[in-house]
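Working notes, beginning with the structure itself.
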Amino acid sequence: MADLTRLHAHEMSRLLRAGEISSRALIEAHLAAAERQNHALNAWLVIYRADALAGADVADRRLAEARRTGPAALAALHPLCGVPVGLKDLVSVKGGQATAGSKILAGYIAPFDSTVTARLRAAGAVILGKTNMDEFAMGSSTEHSAYGPTANPWDLTRVPGGSSGGSAAAVAAFHTPLAIGTDTGGSVRQPASMCGIVGLRPTYGRVSRFGIVAFASSLDQIGPFARDSRDAATLLHAVSGHDRRDATSAPIPVPPELLSLPATDDEAAAYLRGRRLALPTEYFVEGMEPGVAARVGEAVAAMEAAGAKVEEVSLPHTDYGLATYYIIAPAECSSNLARYDGVKYGFADRSSGEFIADYLRTRGAGFGPEVKRRIMLGTYALSAGYYDAYYLKAQKVRTLIKADFDAVWAAGFDAICAPTSPTVAFPLGARTEDPVAMYLSDACTLPANMAGLPGMSIPAGLSDGLPVGLQVIGAPWSELSMLRLARAYEAITARATWRAIEPADLHLTDDPTTPSPAERKTRRMQGASAKGSGGQA
Amino acid sequence: MTTEPVVDGRSAALERYEAVIGIEIHCQLKTVSKMFCGCSTAIDGAAPNSHCCPVCLGLPGVLPTINKAAVEYVIATGFAIEAAVAPTTRWDRKNYFYPDLPKGYQISQYQLPLAANGRLTFDTSEGPFTVRVRRAHLEEDTGRLIHDELGGRRVSLIDFNRSGMPLMEIVTEPDIRTAEQARRYAEELRLLIRAIGASDAEMENGQMRVEANVSIRPRGREAFGTRIEVKNMNSMRAVERAIAYEIERQAVAIDAGETIHMETRGWDEARQSTYHMRPKEEENDYRYFPEPDLPPLLTSPEWLAEIKARLPELPAARRARYREVFGLSSYDADVLVNDAAATSLFEATLEAGPGLSPKHVANWVTGEYLRLAKAAGNGGLVVAPEMAVLVKLVADGIISGTNAKEVLAEQFATGRSVSSIVAARGFEQISDAGALGAAIDTVLAANPAAVADYRAGRAAAVGFLVGQVMKATRGQANAVMVQTALRERLGKAE
Ligand SMILES: [Zn+2]
């Protein structure tokens with residue numbers, strides 16, 4: 001058998017059902033890769049070897065039992081039974097850590113499963129471990145993790161994007177075919193784009209937020225990472241659906257067709273015929289790298305050639321997205337993060353013996369600078385006398401941004417196509433000193449969050465050897481159509497040469513002498529050569 | 001402070017100053033589970049932190065879900081105080097840091113309370129009074145901080161059992177002018193809340209917490225004085241006395257040329273005075289904003305109609321019915337309605353004895369029964385069917401009123417049936433004409449002088465003869481029958 005880590009999840013599922021591979025072998029192969037390469041990538045904060053192997057054995061028994069019972073029993077198993085999955089370290093897993101990339105949650109053990117975890121367990125998916133992330137999902141490079149940065153497998157001197165950078169890097173590096181991330185302003189789509197994989201942020205309310213450490217409640221959504229659209233659809237299917245423990249989750253049925261996206265390229269490509277795609281002029285702005293603009297332009301042209309109708313549209317309030325996002329998200333986070341006070345769990349500094357002073361010490365030492373910056377921003381925006389001018393005004397602008405999108409759907413468009421990120425992955429440390437430059441990284445993704453819309457990033461080729469993502473934004477609850485569109489795009493570009501290229505620096509991660517991302521970043525910040533000792537030109 | 005305000009009787013200060021009082025009441029709602037999670041609300045006497053879950057402990061990633069029953073209680077209360085119930089209501093976060101607040105914010109209602117602009121009318125010694133109620137809303141309670149010593153070290157412990165308990169907050173406009181009005185408002189509201197079943201509203205165990213904002217101003221002036229918040233009042237009596245004290249204290253201070261500063265004061269029951277708790281220089285900035293974890297709640301007209309239809313008879317309507325349908329005095333109606341046990345005994349006795357006069361039943365319930373209950377400190381063992389039997393025996397002249405009081409006292413104390421007590425004590429009156437006739441004959445034969453007196457026109461002599469018959473029958477003769485029979489006999493010619 002060839003390298004099991006190179007399989008797509010739907011291929012793993014087929015082989016597992018046929019009894020041609022065991023989940024144990026599959027999990028062992030992925031654990032080995034993750035354990036061998038993590039020092040160079042720092043994609044994983046914790047790997048649950050024993051639990052994963054035990055989960056694999058349970059899955060193997062379920063599969064064997066179903067094979068004995070018959071085809072109906074096999075069909076009744078979720079396709080993820082026995083398939084590995086990684087979880088961003090803000091997804092609660094009973095008995096495990098949930099640091100959210102923060103020192104302040106060091107030592108906290110979740111006493112319950114998130115709904116996403118519970119649904120993955122019910123499907124039989126095997127949780128490999130927890131992945132690195134920007135602290136409390138605040139960031140676009142995974143450099144704001146208290147546990148060190150994550151490197152991009154395409155270029156170890158560069159960031160994987162963020163905040164779900166660990167999940168994206170792990171999937172790109174073949175440590176797992178699937179991973180869960182969260183997307184508050186682009187934290188699934190942007191790292192997917194920078195790591196050359198598929199990432200989907202569902203409609204707000206599609207996936208339960210219960211048990212997911214909150215950043216900004218009205219913007220957070222949980223979404224899948226995968227190496228193709230079929231796998232992303234399968235993972236989305238497993239975790240979606242109404243949950244009475246989340247009052248903001250919607251009682252909208254999960255389409256079963258998510259499990260049957262076209263298998264053949266011809267059938268998949270047919271979906272493009274007559275589709276109306278909107279290109280928002282505001283998303284093709286200056287500051288966008290020419291390579292990104294070129295790849296996105298080519299992708300759109302390819303879909304047009306395959307029968308789609310492409311028209312330019314205007315989303316006039318796009319420019320206000322960033323400013324309003326940086327009022328609403330910090331406002332909500334300033335309140336959501338108030339519970340981390342050192343009183344009940346996690347990191348605490350009780351050296352003063354007086355509770356207000358202990359609060360200040362605990363929060364002063366427990367939170368990183370980006371989190372503190374946003375807490376201060378949000379506290380200010382909610383303060384008496386400023387609430388109307390900032391928070392209330394931002395909510396009104398949010399309505400206008402949503403109305404921009406509504407007009408596009410009302411005009412009969414099937415989807416909006418745009419770049420995911422204006423740039424390819426940037427070097428470690430390049431933007432950590434300039435918060436606004438870092439914030440601009442999400443300019444193309446966060447309008448969808450503001451409007452509660454689903455969005456996805458799909459690989460659209462390389463620019464100077466680094467991945468470029470095509471963003472597809474859909475109408476509410478149109479994930480299935482978006483995935484069909486993505487599948488069609490994959491079909492028409494199936495034979496493109498870039499599709500066969502594996503992340504360029506992946507081979508370096510097997511070398512135990514390869515420096516860790518933290519070492520690389522320190523060296524770069526100290527003015528050392530950008531490529532470090534990896535020896536790559 | 002060296003001044004010693006007088007709190008008893010009418011305050012002299014009230015002749016020169018007018019008090020402006022607003023009341024805030026928190027009631028713990030009688031739901032089975034907490035406000036936003038499934039934890040049981042049966043926390044009384046429970047071990048610390050035994051009634052908690054990830055949600056009410058505010059662990060990372062948890063989300064609240066609404067307890068519909070709590071919402072219904074507040075809406076019902078809103079209807080009962082004639083308030084407007086919002087078609088859409090929203091939840092807000094009230095942000096502040098305190099160790100007993102596990103999320104660092106309290107889920108409450110700020111801009112869109114469930115009910116607004118209500119009013120409550122009640123009687124006072126100066127006649128009926130109406131207070132406008134600004135709002136009634138729902139919020140969650142906090143945990144409780146316990147300061148203790150552990151191994152010689154002073155420690156603060158936290159019990160989160162109360163965290164997430166559903167609370168209804170009811171806030172009046174500053175319409176109240178006297179301490180009595182404040183107490184009467186709180187009493188009437190408590191009665192209403194109990195009638196609805198929203199809360200047991202026991203002040204002693206914190207199910208109902210009353211806070212007053214008290215300021216005074218010279219009579220005739222419109223501008224409000226500086227407001228003092230008064231807390232820790234653990235009974236209705238304490239509410240009245242604390243406010244009366246506070247009015248007097250402020251008047252004495254102002255007369256002495258002192259300036260009143262915003263502060264929170266507590267009521268000291270032992271010293272019968274208020275004391276400084278903490279200054280209140282400025283309003284805290286709670287950074288209220290809409291709770292993003294809970295969508296706005298729509299109160300459909302159908303749902304509201306359903307809640308309205310389920311409302312029980314409210315105290316004011318019940319008083320009116322007692323007066324108008326049963327012909328009770330305002331006083332009796334009041335006494336009955338103000339005591340839940342009395343109300344139910346009255347209603348049930350009438351049900352058990354359909355022919356009884358409501359007036360008679362009311363007399364027995366408000367008189368003897370309440371006297372016994374008060375003396376015993378509880379509702380006693382009187383059950384309605386026994387009360388019905390007793391009232392009927394008296395009405396039918398089978399037992400005397402005096403003996404009936406003894407029977408009730410015994411029934412109250414032992415729970416034995418009225419008929420068995422009457423039989424055992426031999427209280428049944430002799431109403432049999434034959435038996436009475438024999439006794440009368442004996443008495444007449446033995447007292448010829450009295451008979452002669454009567455016949456000579458001294459009508460009072462009949463009283464002596466009645467007394468002799470009662471004596472001869474050891475009090476069991478029906479006095480009315482004896483009198484009638486004697487007059488009949490004596491009026492006849494020899
Ligand atoms: Zn609970």
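As shown in the structure tokens, the chain order sets the letters A, B, ...; within each chain, residues go from 1, and ligands are also counted from 1 in the order they appear.
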Open item on the list: Could you list the protein, DNA and RNA residues that have any atom within 6 Å of ligand 1, counting only C-alpha atoms and all ligand atoms, and write them as a list in words?
Closed with: Cys37, Gly38, Cys39, Cys52, Cys53, Val55 and Cys56 of chain B
Prev. selection, N, CA, C and O atoms, output as an mmCIF file, in the first residue's frame:
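Everything below was put into result_26.cif:
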```cif
data_model
loop_
_atom_site.group_PDB
_atom_site.id
_atom_site.type_symbol
_atom_site.label_atom_id
_atom_site.label_comp_id
_atom_site.auth_asym_id
_atom_site.auth_seq_id
_atom_site.Cartn_x
_atom_site.Cartn_y
_atom_site.Cartn_z
ATOM 1 N N CYS B 37 -29.502 27.012 32.255
ATOM 2 C CA CYS B 37 -28.977 25.646 32.164
ATOM 3 C C CYS B 37 -29.975 24.705 32.806
ATOM 4 O O CYS B 37 -31.011 25.125 33.295
ATOM 5 N N GLY B 38 -29.641 23.425 32.836
ATOM 6 C CA GLY B 38 -30.590 22.435 33.348
ATOM 7 C C GLY B 38 -30.460 22.155 34.830
ATOM 8 O O GLY B 38 -31.173 21.310 35.369
ATOM 9 N N CYS B 39 -29.561 22.862 35.531
ATOM 10 C CA CYS B 39 -29.350 22.582 36.955
ATOM 11 C C CYS B 39 -30.626 22.820 37.760
ATOM 12 O O CYS B 39 -31.365 23.763 37.501
ATOM 13 N N CYS B 52 -24.258 22.728 40.142
ATOM 14 C CA CYS B 52 -23.565 23.510 39.115
ATOM 15 C C CYS B 52 -23.257 22.623 37.914
ATOM 16 O O CYS B 52 -23.183 21.413 38.042
ATOM 17 N N CYS B 53 -23.076 23.274 36.772
ATOM 18 C CA CYS B 53 -22.679 22.567 35.566
ATOM 19 C C CYS B 53 -21.762 23.513 34.782
ATOM 20 O O CYS B 53 -21.600 24.671 35.155
ATOM 21 N N VAL B 55 -22.258 25.243 32.293
ATOM 22 C CA VAL B 55 -22.918 26.480 31.851
ATOM 23 C C VAL B 55 -22.995 27.499 32.992
ATOM 24 O O VAL B 55 -22.583 28.654 32.825
ATOM 25 N N CYS B 56 -23.492 27.090 34.172
ATOM 26 C CA CYS B 56 -23.629 28.089 35.237
ATOM 27 C C CYS B 56 -22.301 28.356 35.933
ATOM 28 O O CYS B 56 -22.217 29.255 36.764
#
```
Task: DSSP-assigned alpha helix (DSSP H) members of stretch 154-370 of chain A, reported as a PyMOL selection string - done: chain A and resi 165-172+189-195+229-239+265-269+290-305+318-336+355-366+369-370
Write out, as a Markdown table, each residue of chain A that has an atom at most 7 Å from chain B, together with the closest pair of atoms and their distance in Å to one decimal, counting only C-alpha atoms, rows going by chain and rising number.
```
| residue | atom | partner | partner_atom | distance |
| --- | --- | --- | --- | --- |
| A:Phe210 | CA | B:Val62 | CA | 5.6 |
| A:Gly211 | CA | B:Gly61 | CA | 4.1 |
| A:Ile212 | CA | B:Gly61 | CA | 4.5 |
| A:Val213 | CA | B:Gly61 | CA | 3.9 |
| A:Ala214 | CA | B:Gly61 | CA | 5.6 |
| A:Ser217 | CA | B:Pro292 | CA | 5.8 |
| A:Ser218 | CA | B:Pro292 | CA | 5.5 |
| A:Arg245 | CA | B:Thr65 | CA | 6.4 |
| A:Asp246 | CA | B:Leu63 | CA | 6.1 |
| A:Ala247 | CA | B:Leu294 | CA | 5.8 |
| A:Thr248 | CA | B:Pro295 | CA | 6.3 |
| A:Ser335 | CA | B:Asn95 | CA | 6.8 |
| A:Ala338 | CA | B:Gly104 | CA | 4.8 |
| A:Arg339 | CA | B:Lys103 | CA | 4.4 |
| A:Val343 | CA | B:Pro99 | CA | 6.6 |
| A:Leu382 | CA | B:Arg287 | CA | 5.2 |
| A:Ser383 | CA | B:Arg287 | CA | 5.3 |
| A:Ala384 | CA | B:Asp285 | CA | 6.3 |
```
Restrict the selected residues to N, CA and C atoms and save them as a PDB file, in the first residue's frame.
```pdb
ATOM      1  N   PHE A 210     -21.488  25.335  20.703  1.00  0.00           N
ATOM      2  CA  PHE A 210     -21.408  24.860  22.084  1.00  0.00           C
ATOM      3  C   PHE A 210     -20.106  24.095  22.314  1.00  0.00           C
ATOM      4  N   GLY A 211     -19.347  24.574  23.290  1.00  0.00           N
ATOM      5  CA  GLY A 211     -18.083  23.917  23.617  1.00  0.00           C
ATOM      6  C   GLY A 211     -16.894  24.430  22.836  1.00  0.00           C
ATOM      7  N   ILE A 212     -17.102  25.437  21.999  1.00  0.00           N
ATOM      8  CA  ILE A 212     -16.009  26.071  21.264  1.00  0.00           C
ATOM      9  C   ILE A 212     -15.651  27.352  22.027  1.00  0.00           C
ATOM     10  N   VAL A 213     -14.430  27.471  22.482  1.00  0.00           N
ATOM     11  CA  VAL A 213     -14.024  28.665  23.240  1.00  0.00           C
ATOM     12  C   VAL A 213     -14.328  29.897  22.382  1.00  0.00           C
ATOM     13  N   ALA A 214     -15.107  30.818  22.932  1.00  0.00           N
ATOM     14  CA  ALA A 214     -15.620  31.924  22.122  1.00  0.00           C
ATOM     15  C   ALA A 214     -14.593  33.036  21.938  1.00  0.00           C
ATOM     16  N   SER A 217     -18.871  36.099  19.601  1.00  0.00           N
ATOM     17  CA  SER A 217     -20.010  35.190  19.480  1.00  0.00           C
ATOM     18  C   SER A 217     -20.844  35.379  18.223  1.00  0.00           C
ATOM     19  N   SER A 218     -21.022  36.621  17.766  1.00  0.00           N
ATOM     20  CA  SER A 218     -21.926  36.844  16.631  1.00  0.00           C
ATOM     21  C   SER A 218     -21.222  36.607  15.298  1.00  0.00           C
ATOM     22  N   ARG A 245     -28.435  23.189  22.483  1.00  0.00           N
ATOM     23  CA  ARG A 245     -27.552  23.839  23.460  1.00  0.00           C
ATOM     24  C   ARG A 245     -26.953  25.144  22.933  1.00  0.00           C
ATOM     25  N   ASP A 246     -27.190  25.437  21.653  1.00  0.00           N
ATOM     26  CA  ASP A 246     -26.743  26.707  21.079  1.00  0.00           C
ATOM     27  C   ASP A 246     -27.968  27.417  20.511  1.00  0.00           C
ATOM     28  N   ALA A 247     -28.416  28.459  21.215  1.00  0.00           N
ATOM     29  CA  ALA A 247     -29.640  29.159  20.808  1.00  0.00           C
ATOM     30  C   ALA A 247     -29.477  29.870  19.472  1.00  0.00           C
ATOM     31  N   THR A 248     -28.239  30.059  19.024  1.00  0.00           N
ATOM     32  CA  THR A 248     -28.024  30.715  17.733  1.00  0.00           C
ATOM     33  C   THR A 248     -27.834  29.695  16.613  1.00  0.00           C
ATOM     34  N   SER A 335     -15.917  41.065  26.472  1.00  0.00           N
ATOM     35  CA  SER A 335     -16.865  40.473  27.407  1.00  0.00           C
ATOM     36  C   SER A 335     -16.648  38.951  27.525  1.00  0.00           C
ATOM     37  N   ALA A 338     -13.810  37.950  29.762  1.00  0.00           N
ATOM     38  CA  ALA A 338     -13.815  38.439  31.143  1.00  0.00           C
ATOM     39  C   ALA A 338     -13.777  37.282  32.138  1.00  0.00           C
ATOM     40  N   ARG A 339     -14.216  36.098  31.694  1.00  0.00           N
ATOM     41  CA  ARG A 339     -14.281  34.962  32.621  1.00  0.00           C
ATOM     42  C   ARG A 339     -12.903  34.424  32.993  1.00  0.00           C
ATOM     43  N   VAL A 343      -9.713  32.718  38.870  1.00  0.00           N
ATOM     44  CA  VAL A 343     -10.441  32.288  40.068  1.00  0.00           C
ATOM     45  C   VAL A 343     -10.795  30.807  39.993  1.00  0.00           C
ATOM     46  N   LEU A 382     -17.395  49.825  24.086  1.00  0.00           N
ATOM     47  CA  LEU A 382     -18.647  49.578  24.811  1.00  0.00           C
ATOM     48  C   LEU A 382     -18.869  50.567  25.954  1.00  0.00           C
ATOM     49  N   SER A 383     -17.889  51.438  26.198  1.00  0.00           N
ATOM     50  CA  SER A 383     -17.992  52.308  27.365  1.00  0.00           C
ATOM     51  C   SER A 383     -19.102  53.336  27.204  1.00  0.00           C
ATOM     52  N   ALA A 384     -19.643  53.735  28.356  1.00  0.00           N
ATOM     53  CA  ALA A 384     -20.700  54.742  28.359  1.00  0.00           C
ATOM     54  C   ALA A 384     -20.195  55.984  27.631  1.00  0.00           C
TER      55      ALA A 384
END
```
Open item on the list: Using only C-alpha atoms, can you tell me which of A:Pro517, A:Gly455, A:Gly368, A:Gly274 comes closest to A:Val188?
Closed with: A:Gly455
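The shell of residues at most 7 Å from stretch 227-230 of chain A, with only C-alpha atoms counted and near chain neighbours (fewer than 3 positions) removed, consists of Val171, Pro177, Ile197, Val198, Ala233, Thr234, Leu261, Leu483, Ala486 and Arg487 of chain A.
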Open item on the list: Just want the 12 Å neighbourhood of A:Gly297, counted on only C-alpha atoms, with same-chain residues fewer than 4 positions away dropped. Output as a PyMOL selection string.
Closed with: chain A and resi 279+284+290-293+301-304+310+417-419+460-461+468-471
Would you output that residue set with all heavy atoms, as a CSV table (one decimal), in the first residue's frame?
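So result-v8.csv came out as:
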```csv
chain,number,residue,atom,x,y,z
A,279,LEU,N,-18.3,39.0,-9.6
A,279,LEU,CA,-17.0,39.5,-9.2
A,279,LEU,C,-17.1,40.9,-8.6
A,279,LEU,O,-17.4,41.8,-9.3
A,279,LEU,CB,-16.1,39.6,-10.5
A,279,LEU,CG,-15.5,38.3,-11.1
A,279,LEU,CD1,-14.5,38.7,-12.2
A,279,LEU,CD2,-14.7,37.5,-10.0
A,284,PHE,N,-10.9,43.6,-5.6
A,284,PHE,CA,-9.7,43.6,-6.4
A,284,PHE,C,-9.0,45.0,-6.3
A,284,PHE,O,-9.1,45.8,-7.1
A,284,PHE,CB,-10.0,43.3,-7.9
A,284,PHE,CG,-10.6,41.9,-8.0
A,284,PHE,CD1,-11.9,41.6,-7.9
A,284,PHE,CD2,-9.7,40.8,-8.3
A,284,PHE,CE1,-12.4,40.4,-8.0
A,284,PHE,CE2,-10.2,39.5,-8.4
A,284,PHE,CZ,-11.6,39.3,-8.3
A,290,PRO,N,0.2,41.0,-7.5
A,290,PRO,CA,-0.1,40.6,-8.9
A,290,PRO,C,-0.3,39.1,-9.1
A,290,PRO,O,-1.2,38.7,-9.9
A,290,PRO,CB,1.1,41.1,-9.7
A,290,PRO,CG,1.8,42.1,-8.8
A,290,PRO,CD,1.5,41.7,-7.4
A,291,GLY,N,0.5,38.3,-8.4
A,291,GLY,CA,0.4,36.9,-8.6
A,291,GLY,C,-1.0,36.4,-8.1
A,291,GLY,O,-1.6,35.4,-8.7
A,292,VAL,N,-1.5,37.0,-7.0
A,292,VAL,CA,-2.8,36.6,-6.5
A,292,VAL,C,-3.9,37.0,-7.5
A,292,VAL,O,-4.8,36.2,-7.8
A,292,VAL,CB,-3.1,37.3,-5.1
A,292,VAL,CG1,-4.5,37.0,-4.7
A,292,VAL,CG2,-2.1,36.7,-4.1
A,293,ALA,N,-3.8,38.2,-8.0
A,293,ALA,CA,-4.8,38.7,-8.9
A,293,ALA,C,-4.8,37.8,-10.2
A,293,ALA,O,-5.9,37.5,-10.7
A,293,ALA,CB,-4.5,40.2,-9.3
A,301,ALA,N,-11.7,32.8,-15.2
A,301,ALA,CA,-11.7,32.6,-16.6
A,301,ALA,C,-12.0,31.1,-17.0
A,301,ALA,O,-12.7,30.8,-17.9
A,301,ALA,CB,-10.4,33.1,-17.3
A,302,ALA,N,-11.4,30.2,-16.2
A,302,ALA,CA,-11.5,28.8,-16.4
A,302,ALA,C,-13.0,28.4,-16.2
A,302,ALA,O,-13.6,27.6,-17.0
A,302,ALA,CB,-10.6,28.0,-15.5
A,303,MET,N,-13.6,29.0,-15.2
A,303,MET,CA,-15.0,28.6,-14.9
A,303,MET,C,-15.9,29.2,-16.0
A,303,MET,O,-16.9,28.6,-16.4
A,303,MET,CB,-15.4,29.1,-13.5
A,303,MET,CG,-14.7,28.3,-12.4
A,303,MET,SD,-15.4,28.6,-10.8
A,303,MET,CE,-14.7,30.1,-10.4
A,304,GLU,N,-15.5,30.4,-16.5
A,304,GLU,CA,-16.3,31.0,-17.6
A,304,GLU,C,-16.2,30.2,-18.8
A,304,GLU,O,-17.2,29.9,-19.5
A,304,GLU,CB,-15.8,32.4,-17.8
A,304,GLU,CG,-16.7,33.3,-18.6
A,304,GLU,CD,-16.3,34.8,-18.6
A,304,GLU,OE1,-15.1,35.1,-18.3
A,304,GLU,OE2,-17.2,35.6,-18.9
A,310,VAL,N,-20.0,35.2,-15.9
A,310,VAL,CA,-19.3,36.1,-14.9
A,310,VAL,C,-19.6,37.5,-15.1
A,310,VAL,O,-19.5,38.0,-16.2
A,310,VAL,CB,-17.8,35.8,-15.0
A,310,VAL,CG1,-17.1,36.7,-13.9
A,310,VAL,CG2,-17.4,34.3,-14.8
A,417,CYS,N,-17.2,35.4,-6.4
A,417,CYS,CA,-15.8,34.9,-6.5
A,417,CYS,C,-14.9,36.1,-6.2
A,417,CYS,O,-15.1,37.2,-6.7
A,417,CYS,CB,-15.5,34.3,-7.8
A,417,CYS,SG,-16.4,32.8,-8.1
A,418,ALA,N,-13.9,35.8,-5.4
A,418,ALA,CA,-12.9,36.9,-5.0
A,418,ALA,C,-11.7,36.2,-4.6
A,418,ALA,O,-11.6,35.0,-4.3
A,418,ALA,CB,-13.5,37.7,-3.9
A,419,PRO,N,-10.6,37.0,-4.4
A,419,PRO,CA,-9.4,36.4,-3.7
A,419,PRO,C,-9.8,36.2,-2.3
A,419,PRO,O,-10.6,36.8,-1.7
A,419,PRO,CB,-8.4,37.5,-3.9
A,419,PRO,CG,-9.1,38.8,-4.2
A,419,PRO,CD,-10.4,38.4,-4.8
A,460,ALA,N,-6.1,27.7,-6.0
A,460,ALA,CA,-6.2,28.1,-7.3
A,460,ALA,C,-4.9,28.3,-8.0
A,460,ALA,O,-4.7,29.2,-8.8
A,460,ALA,CB,-7.0,29.4,-7.4
A,461,GLY,N,-3.9,27.5,-7.5
A,461,GLY,CA,-2.6,27.6,-8.2
A,461,GLY,C,-1.6,28.3,-7.3
A,461,GLY,O,-1.8,28.6,-6.1
A,468,VAL,N,-2.2,30.2,-3.7
A,468,VAL,CA,-3.2,31.3,-3.8
A,468,VAL,C,-4.6,30.6,-3.7
A,468,VAL,O,-4.8,29.6,-4.2
A,468,VAL,CB,-3.1,32.0,-5.2
A,468,VAL,CG1,-4.2,33.0,-5.4
A,468,VAL,CG2,-1.8,32.7,-5.3
A,469,GLY,N,-5.4,31.3,-2.9
A,469,GLY,CA,-6.8,30.8,-2.7
A,469,GLY,C,-7.8,31.6,-3.5
A,469,GLY,O,-7.8,32.8,-3.5
A,470,LEU,N,-8.8,30.9,-4.0
A,470,LEU,CA,-10.0,31.5,-4.7
A,470,LEU,C,-11.1,31.5,-3.6
A,470,LEU,O,-11.4,30.4,-3.1
A,470,LEU,CB,-10.4,30.8,-5.9
A,470,LEU,CG,-11.8,31.2,-6.5
A,470,LEU,CD1,-11.7,32.5,-7.1
A,470,LEU,CD2,-12.3,30.1,-7.5
A,471,GLN,N,-11.6,32.6,-3.3
A,471,GLN,CA,-12.7,32.6,-2.3
A,471,GLN,C,-14.1,32.6,-3.0
A,471,GLN,O,-14.3,33.3,-4.0
A,471,GLN,CB,-12.7,33.9,-1.5
A,471,GLN,CG,-13.7,33.9,-0.3
A,471,GLN,CD,-13.7,35.1,0.6
A,471,GLN,OE1,-14.2,35.1,1.7
A,471,GLN,NE2,-13.1,36.2,0.1
```
Open item on the list: Give me, as a ChimeraX atom specification, the residues of stretch 272-453 of chain B that a backbone DSSP run labels strand (DSSP E).
Closed with: /B:273-279,289-290,297-298
With the cut-off set at 9 Å and counting only C-alpha atoms, tabulate each residue of stretch 408-472 of chain B with an atom at most that distance from an atom of stretch 367-375 of chain B, showing the nearest atom pair and its distance in Å to one decimal, ordered by chain and increasing number, as a tab-separated table.
```
residue	atom	partner	partner_atom	distance
B:Leu408	CA	B:Tyr369	CA	7.8
B:Ala409	CA	B:Leu372	CA	7.1
B:Phe412	CA	B:Leu372	CA	7.6
```
TODO: Using atom CA of A:Lys372 and atom CA of A:Met138 as the two end points, give the distance in Å to one decimal.
DONE: 10.4 Å
Shell around B:Ala424 at 12 Å using only C-alpha atoms, local window under 6 positions removed, as a PDB file with C-alpha atoms, in the first residue's frame:
```
ATOM      1  CA  VAL B 407     -63.968  22.822  69.796  1.00  0.00           C
ATOM      2  CA  GLU B 410     -58.988  21.432  70.182  1.00  0.00           C
ATOM      3  CA  ARG B 416     -59.525  15.347  65.776  1.00  0.00           C
ATOM      4  CA  SER B 417     -62.812  15.731  63.990  1.00  0.00           C
ATOM      5  CA  VAL B 418     -65.256  18.397  65.152  1.00  0.00           C
TER       6      VAL B 418
END
```
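The shell of residues at most 9 Å from B:Glu169, with only C-alpha atoms counted and near chain neighbours (fewer than 2 positions) removed, consists of Glu24, Ile25, His26, Cys27, Val74, Arg135, Ala136, His137, Leu138, Glu139, Leu167 and Val171 of chain B.
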- [ ] Go through A:Gly429, A:Pro454, A:Gly353, A:Pro153 one by one, measure the shortest atom-to-atom distance of each to A:Ile222 using only C-alpha atoms, and give the residue with the smallest value.
- [x] A:Pro454
TODO: Pick out the closest residue to A:Ala331 from this set: A:Ala172, A:Ala294, A:Val371, A:Val300. Count only C-alpha atoms.
DONE: A:Val371
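Taking atom CA of B:Ala348 as the reference point, atom CA of B:Thr77 is found at 25.5 Å.
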Task: For stretch 482-488 of chain B: contacts at 8 Å, only C-alpha atoms, fewer than 3 positions along chain excluded, given as a ChimeraX atom specification - done: /B:436-437,440,462,465-466,469,477-479,491-492
- [ ] Can you work out the spacing between atom CA of B:Tyr275 and atom CA of B:Gln181 in Å, to one decimal?
- [x] 22.5 Å
